[in-house]
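J.: Supplied structure: start-v9.pdb, PDB, C-alpha atoms.
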ATOM      1  CA  MET A 204     -61.744  76.394 -38.948
ATOM      2  CA  LEU A 205     -63.184  73.417 -37.037
ATOM      3  CA  ASP A 206     -66.951  73.526 -36.647
ATOM      4  CA  LEU A 207     -67.586  72.874 -32.937
ATOM      5  CA  SER A 208     -71.268  72.046 -33.252
ATOM      6  CA  ASP A 209     -72.190  68.839 -31.404
ATOM      7  CA  SER A 210     -72.558  66.582 -34.465
ATOM      8  CA  THR A 211     -69.399  67.785 -36.206
ATOM      9  CA  PHE A 212     -67.374  67.770 -32.982
ATOM     10  CA  ASN A 213     -68.380  64.187 -32.153
ATOM     11  CA  LYS A 214     -67.622  63.015 -35.689
ATOM     12  CA  ALA A 215     -64.220  64.689 -35.686
ATOM     13  CA  MET A 216     -63.304  63.051 -32.356
ATOM     14  CA  GLN A 217     -64.663  59.605 -33.456
ATOM     15  CA  LEU A 218     -66.733  59.455 -30.309
ATOM     16  CA  LYS A 219     -67.015  56.017 -28.733
ATOM     17  CA  HIS A 220     -68.510  54.853 -25.424
ATOM     18  CA  PHE A 221     -68.002  51.732 -23.271
ATOM     19  CA  LEU A 222     -71.399  50.986 -21.727
ATOM     20  CA  GLN A 223     -71.583  47.210 -22.210
ATOM     21  CA  PHE A 224     -68.871  44.631 -22.776
ATOM     22  CA  ASN A 225     -70.133  43.919 -26.282
ATOM     23  CA  ASP A 226     -69.643  47.559 -27.298
ATOM     24  CA  PHE A 227     -66.131  46.457 -28.287
ATOM     25  CA  SER A 228     -64.955  43.749 -30.664
ATOM     26  CA  ARG A 229     -62.486  41.014 -29.825
ATOM     27  CA  GLU A 230     -59.854  42.829 -31.867
ATOM     28  CA  GLU A 231     -60.375  45.975 -29.794
ATOM     29  CA  PHE A 232     -60.058  44.040 -26.523
ATOM     30  CA  GLU A 233     -56.902  42.292 -27.686
ATOM     31  CA  ASN A 234     -55.392  45.686 -28.469
ATOM     32  CA  LEU A 235     -56.528  46.995 -25.060
ATOM     33  CA  PHE A 236     -54.922  44.026 -23.295
ATOM     34  CA  GLU A 237     -51.667  44.555 -25.171
ATOM     35  CA  ARG A 238     -51.691  48.207 -24.118
ATOM     36  CA  ALA A 239     -52.582  47.242 -20.527
ATOM     37  CA  ARG A 240     -49.587  44.876 -20.400
ATOM     38  CA  TRP A 241     -47.267  47.651 -21.579
ATOM     39  CA  ILE A 242     -48.807  50.273 -19.267
ATOM     40  CA  LYS A 243     -48.585  47.904 -16.293
ATOM     41  CA  ARG A 244     -44.931  47.154 -17.047
ATOM     42  CA  GLU A 245     -44.099  50.857 -17.231
ATOM     43  CA  PHE A 246     -45.955  51.439 -13.944
ATOM     44  CA  LYS A 247     -44.021  48.640 -12.207
ATOM     45  CA  GLN A 248     -40.748  50.126 -13.439
ATOM     46  CA  TYR A 249     -41.691  53.596 -12.154
ATOM     47  CA  ARG A 250     -41.436  55.018 -15.661
ATOM     48  CA  ARG A 251     -43.607  58.060 -16.288
ATOM     49  CA  TYR A 252     -46.193  57.789 -19.044
ATOM     50  CA  TRP A 253     -48.391  60.855 -19.380
ATOM     51  CA  PRO A 254     -50.343  60.606 -22.640
ATOM     52  CA  LEU A 255     -53.400  62.260 -21.071
ATOM     53  CA  ALA A 256     -51.711  65.374 -19.724
ATOM     54  CA  ASP A 257     -54.213  68.250 -19.510
ATOM     55  CA  ARG A 258     -57.150  65.823 -19.931
ATOM     56  CA  THR A 259     -59.885  65.672 -17.290
ATOM     57  CA  LEU A 260     -62.024  62.740 -16.165
ATOM     58  CA  ALA A 261     -65.344  63.374 -14.430
ATOM     59  CA  MET A 262     -66.363  60.509 -12.131
ATOM     60  CA  ILE A 263     -70.080  60.541 -11.325
ATOM     61  CA  PHE A 264     -71.108  58.282  -8.451
ATOM     62  CA  ASP A 265     -74.676  57.355  -7.624
ATOM     63  CA  LYS A 266     -73.459  54.187  -5.863
ATOM     64  CA  GLN A 267     -70.714  53.869  -3.267
ATOM     65  CA  SER A 268     -67.347  52.547  -4.380
ATOM     66  CA  THR A 269     -63.823  51.695  -3.303
ATOM     67  CA  ARG A 270     -62.120  49.936  -6.236
ATOM     68  CA  THR A 271     -63.918  51.811  -9.012
ATOM     69  CA  ARG A 272     -63.155  55.249  -7.620
ATOM     70  CA  LEU A 273     -59.574  54.460  -6.666
ATOM     71  CA  SER A 274     -58.687  52.702  -9.942
ATOM     72  CA  PHE A 275     -60.129  55.462 -12.132
ATOM     73  CA  GLU A 276     -58.844  58.373 -10.047
ATOM     74  CA  ALA A 277     -55.357  56.956  -9.577
ATOM     75  CA  GLY A 278     -55.301  55.728 -13.156
ATOM     76  CA  MET A 279     -56.114  59.106 -14.654
ATOM     77  CA  GLN A 280     -53.478  60.801 -12.509
ATOM     78  CA  GLN A 281     -50.882  58.173 -13.468
ATOM     79  CA  LEU A 282     -51.611  58.974 -17.130
ATOM     80  CA  GLY A 283     -50.906  62.643 -16.428
ATOM     81  CA  GLY A 284     -54.522  63.812 -16.281
ATOM     82  CA  THR A 285     -56.920  65.025 -13.604
ATOM     83  CA  ALA A 286     -59.909  63.245 -12.085
ATOM     84  CA  ILE A 287     -62.886  65.041 -10.508
ATOM     85  CA  TYR A 288     -65.212  63.195  -8.138
ATOM     86  CA  LEU A 289     -68.912  64.062  -8.357
ATOM     87  CA  SER A 290     -71.548  62.495  -6.123
ATOM     88  CA  THR A 291     -75.163  62.754  -7.218
ATOM     89  CA  LYS A 292     -75.938  63.653  -3.600
ATOM     90  CA  ASP A 293     -73.740  66.760  -3.866
ATOM     91  CA  THR A 294     -74.736  67.927  -7.359
ATOM     92  CA  GLN A 295     -77.848  69.150  -9.113
ATOM     93  CA  LEU A 296     -78.466  65.590 -10.295
ATOM     94  CA  GLY A 297     -79.498  64.880  -6.729
ATOM     95  CA  ARG A 298     -82.069  67.674  -6.956
ATOM     96  CA  GLY A 299     -83.747  66.409 -10.096
ATOM     97  CA  GLU A 300     -81.713  67.919 -12.924
ATOM     98  CA  PRO A 301     -82.452  65.877 -16.067
ATOM     99  CA  VAL A 302     -79.696  63.449 -17.010
ATOM    100  CA  GLU A 303     -79.735  64.867 -20.529
ATOM    101  CA  ASP A 304     -79.059  68.407 -19.298
ATOM    102  CA  ALA A 305     -76.269  67.254 -16.996
ATOM    103  CA  ALA A 306     -74.636  65.378 -19.877
ATOM    104  CA  ARG A 307     -74.722  68.414 -22.152
ATOM    105  CA  VAL A 308     -73.057  70.589 -19.496
ATOM    106  CA  ILE A 309     -70.530  68.176 -17.998
ATOM    107  CA  SER A 310     -69.301  66.936 -21.366
ATOM    108  CA  ARG A 311     -68.447  70.514 -22.382
ATOM    109  CA  MET A 312     -66.124  70.879 -19.396
ATOM    110  CA  VAL A 313     -64.237  67.568 -19.297
ATOM    111  CA  ASP A 314     -62.705  65.111 -21.774
ATOM    112  CA  ILE A 315     -64.156  61.808 -20.570
ATOM    113  CA  VAL A 316     -66.845  60.676 -18.090
ATOM    114  CA  MET A 317     -67.200  57.584 -15.912
ATOM    115  CA  ILE A 318     -70.579  56.881 -14.287
ATOM    116  CA  ARG A 319     -71.478  54.386 -11.542
ATOM    117  CA  THR A 320     -75.242  54.279 -11.115
ATOM    118  CA  TYR A 321     -78.370  52.135 -10.831
ATOM    119  CA  GLU A 322     -80.562  51.752 -13.935
ATOM    120  CA  HIS A 323     -78.609  51.213 -17.140
ATOM    121  CA  ASP A 324     -80.988  53.584 -18.917
ATOM    122  CA  ILE A 325     -79.440  56.477 -16.961
ATOM    123  CA  ILE A 326     -75.994  55.959 -18.477
ATOM    124  CA  LYS A 327     -77.464  55.365 -21.944
ATOM    125  CA  ARG A 328     -79.306  58.692 -21.797
ATOM    126  CA  PHE A 329     -76.183  60.443 -20.577
ATOM    127  CA  ALA A 330     -74.073  58.981 -23.388
ATOM    128  CA  GLU A 331     -76.666  59.941 -26.009
ATOM    129  CA  ASN A 332     -76.250  63.575 -24.980
ATOM    130  CA  SER A 333     -72.510  63.623 -24.293
ATOM    131  CA  ARG A 334     -69.839  65.204 -26.496
ATOM    132  CA  VAL A 335     -67.134  63.020 -24.897
ATOM    133  CA  PRO A 336     -66.637  59.270 -24.250
ATOM    134  CA  VAL A 337     -68.687  57.743 -21.423
ATOM    135  CA  ILE A 338     -67.592  54.664 -19.439
ATOM    136  CA  ASN A 339     -69.866  52.396 -17.434
ATOM    137  CA  GLY A 340     -68.311  52.087 -13.970
ATOM    138  CA  LEU A 341     -71.227  49.809 -12.965
ATOM    139  CA  THR A 342     -74.984  49.677 -13.424
ATOM    140  CA  ASP A 343     -77.567  47.230 -12.134
ATOM    141  CA  GLU A 344     -77.396  45.456 -15.487
ATOM    142  CA  TYR A 345     -73.692  45.397 -16.437
ATOM    143  CA  HIS A 346     -70.154  45.777 -15.062
ATOM    144  CA  PRO A 347     -67.900  45.768 -18.155
ATOM    145  CA  CYS A 348     -64.775  47.292 -16.581
ATOM    146  CA  GLN A 349     -64.637  44.526 -13.985
ATOM    147  CA  ILE A 350     -64.903  41.701 -16.519
ATOM    148  CA  MET A 351     -62.300  43.411 -18.694
ATOM    149  CA  GLY A 352     -59.913  43.280 -15.728
ATOM    150  CA  ASP A 353     -60.911  39.695 -14.915
ATOM    151  CA  ILE A 354     -60.223  38.390 -18.413
ATOM    152  CA  PHE A 355     -56.919  40.259 -18.529
ATOM    153  CA  THR A 356     -55.998  38.570 -15.227
ATOM    154  CA  TYR A 357     -56.915  35.133 -16.551
ATOM    155  CA  ILE A 358     -54.789  35.691 -19.662
ATOM    156  CA  GLU A 359     -51.856  36.810 -17.498
ATOM    157  CA  LYS A 360     -52.096  33.648 -15.411
ATOM    158  CA  ARG A 361     -53.206  30.976 -17.870
ATOM    159  CA  GLY A 362     -53.065  32.322 -21.423
ATOM    160  CA  SER A 363     -56.000  32.534 -23.825
ATOM    161  CA  ILE A 364     -59.479  32.176 -22.331
ATOM    162  CA  SER A 365     -60.946  31.000 -25.638
ATOM    163  CA  GLY A 366     -62.373  27.497 -25.373
ATOM    164  CA  LYS A 367     -62.213  27.530 -21.570
ATOM    165  CA  THR A 368     -64.999  27.015 -19.035
ATOM    166  CA  VAL A 369     -65.949  29.656 -16.479
ATOM    167  CA  ALA A 370     -68.214  28.576 -13.610
ATOM    168  CA  TRP A 371     -70.457  31.338 -12.297
ATOM    169  CA  ILE A 372     -71.946  30.437  -8.899
ATOM    170  CA  GLY A 373     -74.632  32.672  -7.387
ATOM    171  CA  ASP A 374     -76.961  35.411  -8.564
ATOM    172  CA  SER A 375     -77.416  36.141 -12.283
ATOM    173  CA  ASN A 376     -76.555  39.774 -11.608
ATOM    174  CA  ASN A 377     -74.644  42.444 -13.554
ATOM    175  CA  MET A 378     -71.407  40.474 -13.231
ATOM    176  CA  CYS A 379     -72.984  37.300 -14.547
ATOM    177  CA  ARG A 380     -74.610  39.098 -17.490
ATOM    178  CA  THR A 381     -71.302  40.685 -18.436
ATOM    179  CA  TRP A 382     -69.478  37.343 -18.265
ATOM    180  CA  LEU A 383     -72.077  36.008 -20.704
ATOM    181  CA  GLN A 384     -71.416  38.850 -23.137
ATOM    182  CA  ALA A 385     -67.670  38.235 -22.824
ATOM    183  CA  ALA A 386     -68.149  34.532 -23.585
ATOM    184  CA  GLU A 387     -69.695  35.383 -26.952
ATOM    185  CA  ILE A 388     -66.818  37.691 -27.865
ATOM    186  CA  PHE A 389     -63.958  35.449 -26.669
ATOM    187  CA  ASN A 390     -65.596  32.100 -27.490
ATOM    188  CA  PHE A 391     -65.628  30.429 -24.094
ATOM    189  CA  THR A 392     -68.417  28.783 -22.091
ATOM    190  CA  VAL A 393     -70.012  29.954 -18.854
ATOM    191  CA  HIS A 394     -71.584  27.397 -16.529
ATOM    192  CA  VAL A 395     -74.210  29.314 -14.555
ATOM    193  CA  SER A 396     -75.648  27.922 -11.340
ATOM    194  CA  THR A 397     -78.267  29.935  -9.468
ATOM    195  CA  PRO A 398     -81.036  29.064  -7.009
ATOM    196  CA  PRO A 399     -84.539  28.697  -8.470
ATOM    197  CA  GLY A 400     -85.982  32.101  -9.299
ATOM    198  CA  TYR A 401     -82.584  33.703  -9.967
ATOM    199  CA  GLU A 402     -81.899  32.199 -13.394
ATOM    200  CA  VAL A 403     -80.421  34.046 -16.367
ATOM    201  CA  LYS A 404     -82.831  36.017 -18.536
ATOM    202  CA  PRO A 405     -81.132  36.038 -21.977
ATOM    203  CA  GLU A 406     -83.105  39.053 -23.165
ATOM    204  CA  SER A 407     -81.828  41.182 -20.262
ATOM    205  CA  ALA A 408     -78.233  40.061 -20.778
ATOM    206  CA  GLY A 409     -78.018  41.463 -24.306
ATOM    207  CA  LEU A 410     -77.005  38.096 -25.788
ATOM    208  CA  SER A 411     -77.230  37.033 -29.403
ATOM    209  CA  GLY A 412     -77.983  33.423 -28.420
ATOM    210  CA  THR A 413     -77.512  30.718 -25.800
ATOM    211  CA  ASP A 414     -74.579  28.848 -27.355
ATOM    212  CA  HIS A 415     -71.981  30.072 -24.874
ATOM    213  CA  TYR A 416     -73.580  29.220 -21.553
ATOM    214  CA  LYS A 417     -75.211  26.318 -19.771
ATOM    215  CA  GLU A 418     -77.403  26.440 -16.670
ATOM    216  CA  PHE A 419     -77.083  24.067 -13.714
ATOM    217  CA  THR A 420     -79.285  23.696 -10.646
ATOM    218  CA  CYS A 421     -76.380  22.080  -8.780
ATOM    219  CA  PRO A 422     -73.363  24.382  -8.248
ATOM    220  CA  GLU A 423     -70.958  21.452  -7.970
ATOM    221  CA  SER A 424     -72.025  20.319 -11.446
ATOM    222  CA  ALA A 425     -71.376  23.812 -12.785
ATOM    223  CA  ALA A 426     -67.893  23.812 -11.242
ATOM    224  CA  ARG A 427     -66.961  20.400 -12.657
ATOM    225  CA  ASN A 428     -63.829  20.684 -14.855
ATOM    226  CA  ALA A 429     -64.027  24.496 -14.851
ATOM    227  CA  ASP A 430     -60.907  26.523 -15.617
ATOM    228  CA  LEU A 431     -62.150  29.452 -13.554
ATOM    229  CA  VAL A 432     -64.674  29.628 -10.708
ATOM    230  CA  THR A 433     -66.108  33.018  -9.843
ATOM    231  CA  THR A 434     -68.880  34.500  -7.738
ATOM    232  CA  ASP A 435     -70.169  37.725  -6.199
ATOM    233  CA  VAL A 436     -72.080  38.825  -3.118
ATOM    234  CA  TRP A 437     -75.577  37.394  -2.861
ATOM    235  CA  THR A 438     -77.150  40.837  -2.407
ATOM    236  CA  SER A 439     -76.049  43.563  -4.801
ATOM    237  CA  MET A 440     -76.399  47.283  -4.026
ATOM    238  CA  GLY A 441     -80.007  48.347  -4.360
ATOM    239  CA  PHE A 442     -81.385  44.975  -3.256
ATOM    240  CA  GLU A 443     -80.657  45.253   0.471
ATOM    241  CA  ALA A 444     -84.319  44.664   1.382
ATOM    242  CA  GLU A 445     -83.906  41.107   0.061
ATOM    243  CA  THR A 446     -80.820  40.286   2.151
ATOM    244  CA  GLU A 447     -82.365  37.810   4.583
ATOM    245  CA  ALA A 448     -84.409  36.029   1.915
ATOM    246  CA  ARG A 449     -81.341  35.742  -0.285
ATOM    247  CA  LYS A 450     -79.210  34.291   2.525
ATOM    248  CA  ASN A 451     -81.760  31.512   2.789
ATOM    249  CA  ASP A 452     -82.082  30.990  -0.974
ATOM    250  CA  PHE A 453     -78.317  30.935  -1.578
ATOM    251  CA  ALA A 454     -77.328  28.853   1.457
ATOM    252  CA  ASP A 455     -76.033  25.980  -0.735
ATOM    253  CA  PHE A 456     -74.125  28.251  -3.116
ATOM    254  CA  CYS A 457     -71.035  29.089  -1.080
ATOM    255  CA  VAL A 458     -67.843  28.456  -3.052
ATOM    256  CA  ASP A 459     -65.865  26.373  -0.578
ATOM    257  CA  SER A 460     -62.939  23.978  -0.890
ATOM    258  CA  GLU A 461     -65.232  21.057  -1.640
ATOM    259  CA  MET A 462     -66.804  22.936  -4.556
ATOM    260  CA  MET A 463     -63.417  24.044  -5.898
ATOM    261  CA  ALA A 464     -62.322  20.385  -5.869
ATOM    262  CA  TYR A 465     -64.794  19.744  -8.719
ATOM    263  CA  ALA A 466     -62.940  22.256 -10.909
ATOM    264  CA  LYS A 467     -59.653  21.537 -12.653
ATOM    265  CA  ASP A 468     -56.612  21.217 -10.419
ATOM    266  CA  ASP A 469     -55.165  24.461 -11.789
ATOM    267  CA  ALA A 470     -58.482  26.349 -11.799
ATOM    268  CA  LEU A 471     -58.424  29.961 -10.642
ATOM    269  CA  PHE A 472     -60.871  31.631  -8.265
ATOM    270  CA  MET A 473     -62.056  35.209  -8.787
ATOM    271  CA  HIS A 474     -64.319  37.616  -6.917
ATOM    272  CA  CYS A 475     -64.927  41.256  -7.838
ATOM    273  CA  LEU A 476     -64.947  42.287  -4.136
ATOM    274  CA  PRO A 477     -65.987  43.265  -1.558
ATOM    275  CA  ALA A 478     -66.443  39.689  -0.330
ATOM    276  CA  HIS A 479     -68.398  38.236   2.570
ATOM    277  CA  ARG A 480     -66.301  35.337   3.846
ATOM    278  CA  GLY A 481     -68.544  32.528   5.017
ATOM    279  CA  GLU A 482     -71.389  33.531   2.684
ATOM    280  CA  GLU A 483     -70.722  33.418  -1.067
ATOM    281  CA  VAL A 484     -67.120  32.251  -0.559
ATOM    282  CA  ALA A 485     -65.229  30.424   2.161
ATOM    283  CA  ALA A 486     -62.171  32.081   3.673
ATOM    284  CA  ALA A 487     -60.080  29.052   2.709
ATOM    285  CA  VAL A 488     -60.876  29.697  -0.963
ATOM    286  CA  ILE A 489     -60.540  33.475  -1.258
ATOM    287  CA  ASP A 490     -57.348  33.423   0.822
ATOM    288  CA  GLY A 491     -56.111  30.200  -0.730
ATOM    289  CA  PRO A 492     -53.545  29.397  -3.447
ATOM    290  CA  GLN A 493     -56.059  29.306  -6.324
ATOM    291  CA  SER A 494     -57.372  32.792  -5.577
ATOM    292  CA  VAL A 495     -56.218  35.683  -7.761
ATOM    293  CA  VAL A 496     -58.589  38.298  -6.341
ATOM    294  CA  TRP A 497     -55.839  40.757  -5.398
ATOM    295  CA  GLU A 498     -54.239  40.675  -8.852
ATOM    296  CA  GLU A 499     -57.745  40.915 -10.282
ATOM    297  CA  ALA A 500     -58.410  44.067  -8.250
ATOM    298  CA  GLU A 501     -55.095  45.655  -9.251
ATOM    299  CA  ASN A 502     -55.684  44.924 -12.922
ATOM    300  CA  ARG A 503     -58.759  47.142 -12.898
ATOM    301  CA  LEU A 504     -56.236  49.992 -12.672
ATOM    302  CA  HIS A 505     -54.169  48.941 -15.674
ATOM    303  CA  THR A 506     -56.976  47.858 -18.010
ATOM    304  CA  GLN A 507     -58.926  51.047 -17.296
ATOM    305  CA  LYS A 508     -55.873  53.138 -18.062
ATOM    306  CA  ALA A 509     -55.649  51.358 -21.416
ATOM    307  CA  LEU A 510     -59.382  51.944 -21.911
ATOM    308  CA  MET A 511     -59.152  55.695 -21.281
ATOM    309  CA  GLU A 512     -56.101  55.945 -23.531
ATOM    310  CA  TYR A 513     -58.035  54.199 -26.323
ATOM    311  CA  LEU A 514     -61.210  56.245 -25.964
ATOM    312  CA  LEU A 515     -59.300  59.515 -25.969
ATOM    313  CA  LEU A 516     -56.388  58.830 -28.316
ATOM    314  CA  GLY A 517     -57.508  55.882 -30.412
ATOM    315  CA  LYS A 518     -55.480  52.778 -31.158
ATOM    316  CA  ILE A 519     -51.788  53.120 -30.289
TER     317      ILE A 519
END
Could I get this file's structure written as structure tokens?

T.:
Amino acid sequence: MLDLSDSTFNKAMQLKHFLQFNDFSREEFENLFERARWIKREFKQYRRYWPLADRTLAMIFDKQSTRTRLSFEAGMQQLGGTAIYLSTKDTQLGRGEPVEDAARVISRMVDIVMIRTYEHDIIKRFAENSRVPVINGLTDEYHPCQIMGDIFTYIEKRGSISGKTVAWIGDSNNMCRTWLQAAEIFNFTVHVSTPPGYEVKPESAGLSGTDHYKEFTCPESAARNADLVTTDVWTSMGFEAETEARKNDFADFCVDSEMMAYAKDDALFMHCLPAHRGEEVAAAVIDGPQSVVWEEAENRLHTQKALMEYLLLGKI
């Protein structure tokens, strides 16, 4: 008889979480991308693939979302499972229930959990007390699911990202930090250009060194000869009080056609969305021929389906 105590149960299920990009090895990501390609092809051919029938995903949202909720909810249903939406405003978490207690209860009722919240410590504490896999849907520090989809999109369009140059223009936020982690795993270089006072803090990015990124005060210099140019909104959720100050500080950091001209002729443009045309990106760029933002958004669906399959069923 299987011992269902927490420690034995977790060991038997080979429990694994995805809280930061560097939680996985390159080999694991390459397997995930191969699965995502197959899953996407089956989806496009309207062929049913239900490996997660009778499995349940709990989606816990402390921050608002469009793409994260839709891609996880639709993805779980397309894999044959069920997704349950939980807002911290509508649960006991919103009334002060300890994260640890919520984790112990929720993880006994579902098979996998996705959390979109503020401080990264919240999701770490939840995972430490969970009997099932936990996925980071976004925290203030990291956004691993988005970068997973971005790299998959680059590979679809241009092949291997190893040895390439990614230009990050804007705030050194959760997206930037996750790109830096990805650069270490896939062996590419990130050119980071931020206004003074918004520079990368290596210790907060969870990096092993500084070999895979370079910092530039001039965004055009960062974009020079880049294979991919990417950015994000100047004010992330939780920093709305700084909006006006940031508009002033980032005024010279809009990715426009002139900036894209410094990149390689076949360079791609990415943005995790939602975008503010005329602020961090010009309409001519995000709606232009080098932009792959819509494919990038769709690929969240397919890579996250591969991720849930892997966390629940292991390597296929």

J.: Using only C-alpha atoms, find each residue of segment 207-299 of chain A with at least one atom at most 12 Å away from an atom of segment 460-482 of chain A; report its shortest atom-to-atom pair and that distance in Å (one decimal), sort the rows by chain and rising residue number, and return the result as CSV.

T.:
residue,atom,partner,partner_atom,distance
A:Gln267,CA,A:Pro477,CA,11.7
A:Ser268,CA,A:Pro477,CA,9.8
A:Thr269,CA,A:Pro477,CA,8.9
A:Arg270,CA,A:Leu476,CA,8.4
A:Thr271,CA,A:Cys475,CA,10.7

J.: Identify which of the residues A:Ile388, A:Val496, A:Leu282, A:Ala425 lies closest to Glu230 of chain A, counting only C-alpha atoms when measuring atom-to-atom distances.

T.: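 For Glu230 of chain A, the nearest of the given residues is A:Ile388.
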
J.: Calculate how many Å separate atom CA of Asn234 of chain A from atom CA of Trp253 of chain A, rounding to one decimal.

T.: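 Interatomic distance here is 19.0 Å.
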
J.: Can you translate the PyMOL selection byres ((chain A and resi 354) around 12) into the concrete residues it hits in this file, as a PyMOL selection string?

T.: chain A and resi 224+229+232-233+235-236+239+347-353+355-365+367+369+381-382+385-386+388-389+391+431+433+471+473+475+495+498-500+502-503+506

J.: What would the file look like if the residues just selected were written as a tab-separated table (two decimals), keeping the file's coordinate frame with C-alpha atoms?

T.:
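And here is the file that came out, result_31.tsv:
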chain	number	residue	atom	x	y	z
A	224	PHE	CA	-68.87	44.63	-22.78
A	229	ARG	CA	-62.49	41.01	-29.82
A	232	PHE	CA	-60.06	44.04	-26.52
A	233	GLU	CA	-56.90	42.29	-27.69
A	235	LEU	CA	-56.53	47.00	-25.06
A	236	PHE	CA	-54.92	44.03	-23.30
A	239	ALA	CA	-52.58	47.24	-20.53
A	347	PRO	CA	-67.90	45.77	-18.16
A	348	CYS	CA	-64.78	47.29	-16.58
A	349	GLN	CA	-64.64	44.53	-13.98
A	350	ILE	CA	-64.90	41.70	-16.52
A	351	MET	CA	-62.30	43.41	-18.69
A	352	GLY	CA	-59.91	43.28	-15.73
A	353	ASP	CA	-60.91	39.70	-14.92
A	355	PHE	CA	-56.92	40.26	-18.53
A	356	THR	CA	-56.00	38.57	-15.23
A	357	TYR	CA	-56.92	35.13	-16.55
A	358	ILE	CA	-54.79	35.69	-19.66
A	359	GLU	CA	-51.86	36.81	-17.50
A	360	LYS	CA	-52.10	33.65	-15.41
A	361	ARG	CA	-53.21	30.98	-17.87
A	362	GLY	CA	-53.06	32.32	-21.42
A	363	SER	CA	-56.00	32.53	-23.82
A	364	ILE	CA	-59.48	32.18	-22.33
A	365	SER	CA	-60.95	31.00	-25.64
A	367	LYS	CA	-62.21	27.53	-21.57
A	369	VAL	CA	-65.95	29.66	-16.48
A	381	THR	CA	-71.30	40.68	-18.44
A	382	TRP	CA	-69.48	37.34	-18.26
A	385	ALA	CA	-67.67	38.24	-22.82
A	386	ALA	CA	-68.15	34.53	-23.58
A	388	ILE	CA	-66.82	37.69	-27.86
A	389	PHE	CA	-63.96	35.45	-26.67
A	391	PHE	CA	-65.63	30.43	-24.09
A	431	LEU	CA	-62.15	29.45	-13.55
A	433	THR	CA	-66.11	33.02	-9.84
A	471	LEU	CA	-58.42	29.96	-10.64
A	473	MET	CA	-62.06	35.21	-8.79
A	475	CYS	CA	-64.93	41.26	-7.84
A	495	VAL	CA	-56.22	35.68	-7.76
A	498	GLU	CA	-54.24	40.67	-8.85
A	499	GLU	CA	-57.74	40.92	-10.28
A	500	ALA	CA	-58.41	44.07	-8.25
A	502	ASN	CA	-55.68	44.92	-12.92
A	503	ARG	CA	-58.76	47.14	-12.90
A	506	THR	CA	-56.98	47.86	-18.01

J.: Please report the interatomic distance between atom CA of Glu483 of chain A and atom CA of Thr446 of chain A in Å with one decimal.

T.: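 Distance reported for this atom pair: 12.6 Å.
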
J.: Can you translate the PyMOL selection byres ((chain A and resi 420) around 7) into the concrete residues it hits in this file, as a list in words?

T.: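 Output of the PyMOL selection byres ((chain A and resi 420) around 7): Ser396, Thr397, Pro398, Glu418, Phe419, Cys421 and Pro422 of chain A.
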
J.: Just want the 12 Å neighbourhood of Gly284 of chain A, counted on only C-alpha atoms, with same-chain residues fewer than 2 positions away dropped. Output as an MDAnalysis selection string.

T.: chainID A and resid 252:261 275:282 286:287 313:315 508 511:512 515

J.: Could you check which of A:Glu300, A:Glu501, A:Asp414, A:Glu322 is closest to Phe246 of chain A, using all atoms listed in the file?

T.: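 When distances to Phe246 of chain A are compared using all atoms listed in the file, the smallest one comes from A:Glu501.
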
J.: Out of A:Asp343, A:Asp430, A:Asp459, A:Asp452, which residue has the shortest atom-to-atom distance to Val488 of chain A when counting all atoms listed in the file?

T.: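 Closest candidate: A:Asp459.
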
J.: Hey, which of A:Arg240, A:Arg328, A:Glu231, A:Gln223 ends up closest to Lys518 of chain A? Count all atoms listed in the file.

T.: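 Going through A:Arg240, A:Arg328, A:Glu231, A:Gln223 one by one, the smallest distance to Lys518 of chain A is for A:Glu231.
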
J.: Just give me the gap between atom CA of Leu410 of chain A and atom CA of Ile372 of chain A in Å, one decimal is fine.

T.: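 Going from atom CA of Leu410 of chain A over to atom CA of Ile372 of chain A covers 19.2 Å.
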